[in-house]
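Undergrad: My questions all concern the structure below.
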Amino acid sequence: MRHLSVIAALLLSVSLFADDYYPDPDHAGGWRTLTDPAKIRATAGIDTRKLDRAFEYAKRTSPHGGLLVVRHGYLVYERYFGRGNREANPAMASVGKAYTSIACGIVLQEKRDKIPLGLEQKVFTEAYLPEAFPLSDPAKSDIKLGHLLTMTSGMQEGTAGFVNHVLTQLKPLPPRDPSLDQDQAALHAPMWCAPGGGYSYSSQSTHVASIVLRHLAGMELQDYVNVKLAKPMEWGRWSWARNRNGQTLPHTPGGADIAVHSTDALRFAYLLLHNGRWGTRQLVPAEYVALCSRPSLYDPHAPFSLQFEVNDDGHVAGAPRDAYFKSGAGGFGIYVIPSLDMVIYKMAGSTSQYDPANTGLPLTYQPDTSRDGWKPEPHSQFFEPPPSTDDGVHRVLEMVVAAVID
């Protein structure tokens with residue numbers, strides 16, 4: 001009897017392993033795909049008619065883009081509009097912050113001897129940010145890496161912040177010093193509150209985190225992501241957009257503009273869905289992925305973890321509480337929903353975000369330019385106002401979730 005129970009356990013483990021699916025790279029066949037609505041309904045538990053409605057809604061939020069949905073490891077929906085295409089490499093704006101965060105999670109484990117306190121480490125020191133000295137504000141000496149990655153460092157970039165979920169208007173920023181380079185502009189951002197005292201969206205904070213990574217890893221953020229994620233997962237052609245106003249940035253902009261194929265954006269989300277595991281390899285510490293997926297102790301002010309928006313408070317009413325995601329200017333969004341075994345990519349963006357001059361990657365497909373002059377629908381008594389890009393990111397999430405029928 002005991003012998004039989006051992007065999008049963010082994011068979012069960014084999015069965016579970018066989019169902020532990022990870023997609024091949026696109027050049028080797030890519031995602032397993034379902035296209036028949038009946039099979040999608042039976043296997044993935046999704047009503048594709050409702051996904052069509054979500055796609056049509058997404059078209060109202062940006063001139064270019066697409067919608068891709070994976071459930072139970074099956075790519076069940078993939079449609080594009082405008083310059084959106086599987087072969088496109090748009091600069092994904094702040095979605096790049098999610099990749100920066102995950103890279104930080106990897107380096108914290110790999111270089112733990114150099115940063116023993118992890119997220120608790122105060123980083124405005126000669127060891128981690130030597131180029132920050134002399135400090136522009138003595139309060140920066142109390143900024144921890146966790147503050148940078150949750151945008152609670154106190155460094156100001158915009159004109160609004162949140163303190164305990166209450167919106168706070170900030171004083172206008174002084175004119176930017178044109179003599180400061182990419183790194184110095186971030187390191188010298190003014191402080192609006194003490195570290196941990198409030199949340200304010202800041203690409204500068206995320207870029208400073210990428211400078212810390214650069215010192216720990218001894219290489220650029222893009223090179224680190226290439227070694228730790230892109231190569232093991234076999235992404236297709238990708239880059240980090242580093243061209244600004246005709247000039248090339250000297251460093252990877254940690255706060256914005258990774259440019260990956262749509263199916264690889266899904267792979268990144270799928271990696272997080274599987275707690276940082278890809279096949280037989282643990283690429284990202286599972287503990288760090290868990291911290292990304294839920295409210296952070298570093299941020300009691302807003303529903304924002306380690307560069308991800310989290311729905312623990314239910315502010316996206318039509319989505320599960322465990323959903324977490326990252327949006328980007330232009331209407332981009334990547335989503336992870338563990339309770340539904342689902343990942344989503346909302347491709348979006350302006351015409352300029354698809355410009356190869358920004359990413360340095362040549363076009364390998366014939367883009368549909370028919371929507372280059374797209375403008376939002378005008379408000380009238382018959383139509384609701386066009387959604388903002390953030391509203392669109394939230395609403396598409398709700399509409400895709402509404403397509404789940406099991």
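Quick note on naming: the chains in the structure tokens go A, B, ... in the order shown, residues restart at 1 in each chain, and ligands are numbered from 1 in order of appearance.
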With region 349-360 of chain A as the partner and 8 Å as the cut-off, tabulate the residues of region 150-269 of chain A that qualify, each row holding the nearest pair of atoms and their distance in Å to one decimal, using only C-alpha atoms, sorted by chain and rising number, as JSON lines.
TA:
{"residue": "A:Ser239", "atom": "CA", "partner": "A:Thr359", "partner_atom": "CA", "distance": 6.3}
{"residue": "A:Trp240", "atom": "CA", "partner": "A:Thr359", "partner_atom": "CA", "distance": 6.2}
{"residue": "A:Ala241", "atom": "CA", "partner": "A:Thr359", "partner_atom": "CA", "distance": 4.1}
{"residue": "A:Arg242", "atom": "CA", "partner": "A:Asn358", "partner_atom": "CA", "distance": 6.5}
{"residue": "A:Asn243", "atom": "CA", "partner": "A:Asn358", "partner_atom": "CA", "distance": 4.9}
{"residue": "A:Arg244", "atom": "CA", "partner": "A:Asn358", "partner_atom": "CA", "distance": 7.2}
{"residue": "A:Ala259", "atom": "CA", "partner": "A:Thr359", "partner_atom": "CA", "distance": 7.0}
Undergrad: Quick one: write out the picked residues with C-alpha atoms as a tab-separated table (two decimals), in the first residue's frame?
TA:
chain	number	residue	atom	x	y	z
A	239	SER	CA	16.21	47.84	-26.45
A	240	TRP	CA	15.86	50.72	-24.04
A	241	ALA	CA	14.98	53.99	-25.77
A	242	ARG	CA	17.83	56.37	-24.97
A	243	ASN	CA	17.44	59.09	-27.59
A	244	ARG	CA	16.05	62.41	-26.37
A	259	ALA	CA	10.99	48.72	-25.80
Undergrad: Show me, as a ChimeraX atom specification, the residues that have an atom within 10 Å of Lys375 (chain A) when counting only C-alpha atoms, minus same-chain residues fewer than 6 positions from it.
TA: /A:60-63,386
Undergrad: Mind the document's chain letters and residue numbers, and return as a VMD selection string the residues of region 164-371 of chain A that DSSP labels alpha helix (DSSP H).
TA: chain A and resid 182 to 187 203 to 217 221 to 225 231 to 233 262 to 273 286 to 292 356 to 359
Undergrad: So that I can see what lies close to Arg281 (chain A), please list as a compact mmCIF listing (two decimals) with N, CA and C atoms, in the first residue's frame the residues with an atom at most 12 Å from it, counting only C-alpha atoms and leaving out residues fewer than 5 positions away in the same chain.
TA:
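Output saved as out-v4.txt:
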# COMPACT_ATOMS: atom_id res chain seq x y z
N TYR A 22 5.65 26.89 -19.89
CA TYR A 22 6.34 28.14 -20.19
C TYR A 22 6.48 28.22 -21.71
N LYS A 228 20.17 38.93 -17.20
CA LYS A 228 19.36 38.26 -16.18
C LYS A 228 17.96 37.88 -16.64
N LEU A 229 17.42 38.57 -17.65
CA LEU A 229 16.06 38.29 -18.09
C LEU A 229 15.96 37.99 -19.58
N PRO A 232 17.94 34.58 -20.75
CA PRO A 232 17.34 33.33 -20.24
C PRO A 232 15.93 33.08 -20.77
N MET A 233 15.16 34.16 -21.00
CA MET A 233 13.79 34.00 -21.48
C MET A 233 13.71 34.05 -23.01
N LEU A 271 6.31 35.70 -16.07
CA LEU A 271 7.37 35.42 -15.11
C LEU A 271 6.93 35.82 -13.71
N HIS A 274 4.37 33.55 -12.20
CA HIS A 274 4.99 32.33 -11.68
C HIS A 274 6.06 32.63 -10.64
N ASN A 275 5.86 33.74 -9.95
CA ASN A 275 6.70 34.08 -8.78
C ASN A 275 8.19 34.14 -9.10
N GLY A 276 8.51 34.64 -10.32
CA GLY A 276 9.90 34.83 -10.70
C GLY A 276 10.56 33.61 -11.30
N ALA A 286 11.53 34.93 -5.39
CA ALA A 286 10.08 34.88 -5.19
C ALA A 286 9.64 35.86 -4.11
Undergrad: Name the residues in contact with Val70 (chain A) at a cut-off of 9 Å, using only C-alpha atoms, excluding same-chain residues fewer than 4 positions from it; report them as a list in words.
TA: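 The residues that qualify are Thr33, Ala44, Tyr74, Leu75, Val76, Tyr77, Leu266, Tyr270, Asp341, Met342, Val343, Ile344 and Tyr345 of chain A.
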Undergrad: Which one is closest to Pro367 (chain A): A:Ala58, A:His64, A:Ala348, A:Thr248? Count only C-alpha atoms.
TA: A:His64
Undergrad: Hey, which of A:Arg214, A:Arg267, A:Leu117, A:Val69 ends up closest to Gly146 (chain A)? Count only C-alpha atoms.
TA: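 The shortest atom-to-atom distance to Gly146 (chain A) comes from A:Leu117.
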Undergrad: Using only C-alpha atoms, can you tell me which of A:Arg41, A:His207, A:His261, A:Arg71 comes closest to Leu221 (chain A)?
TA: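 That would be A:His207, the residue with the smallest distance to Leu221 (chain A).
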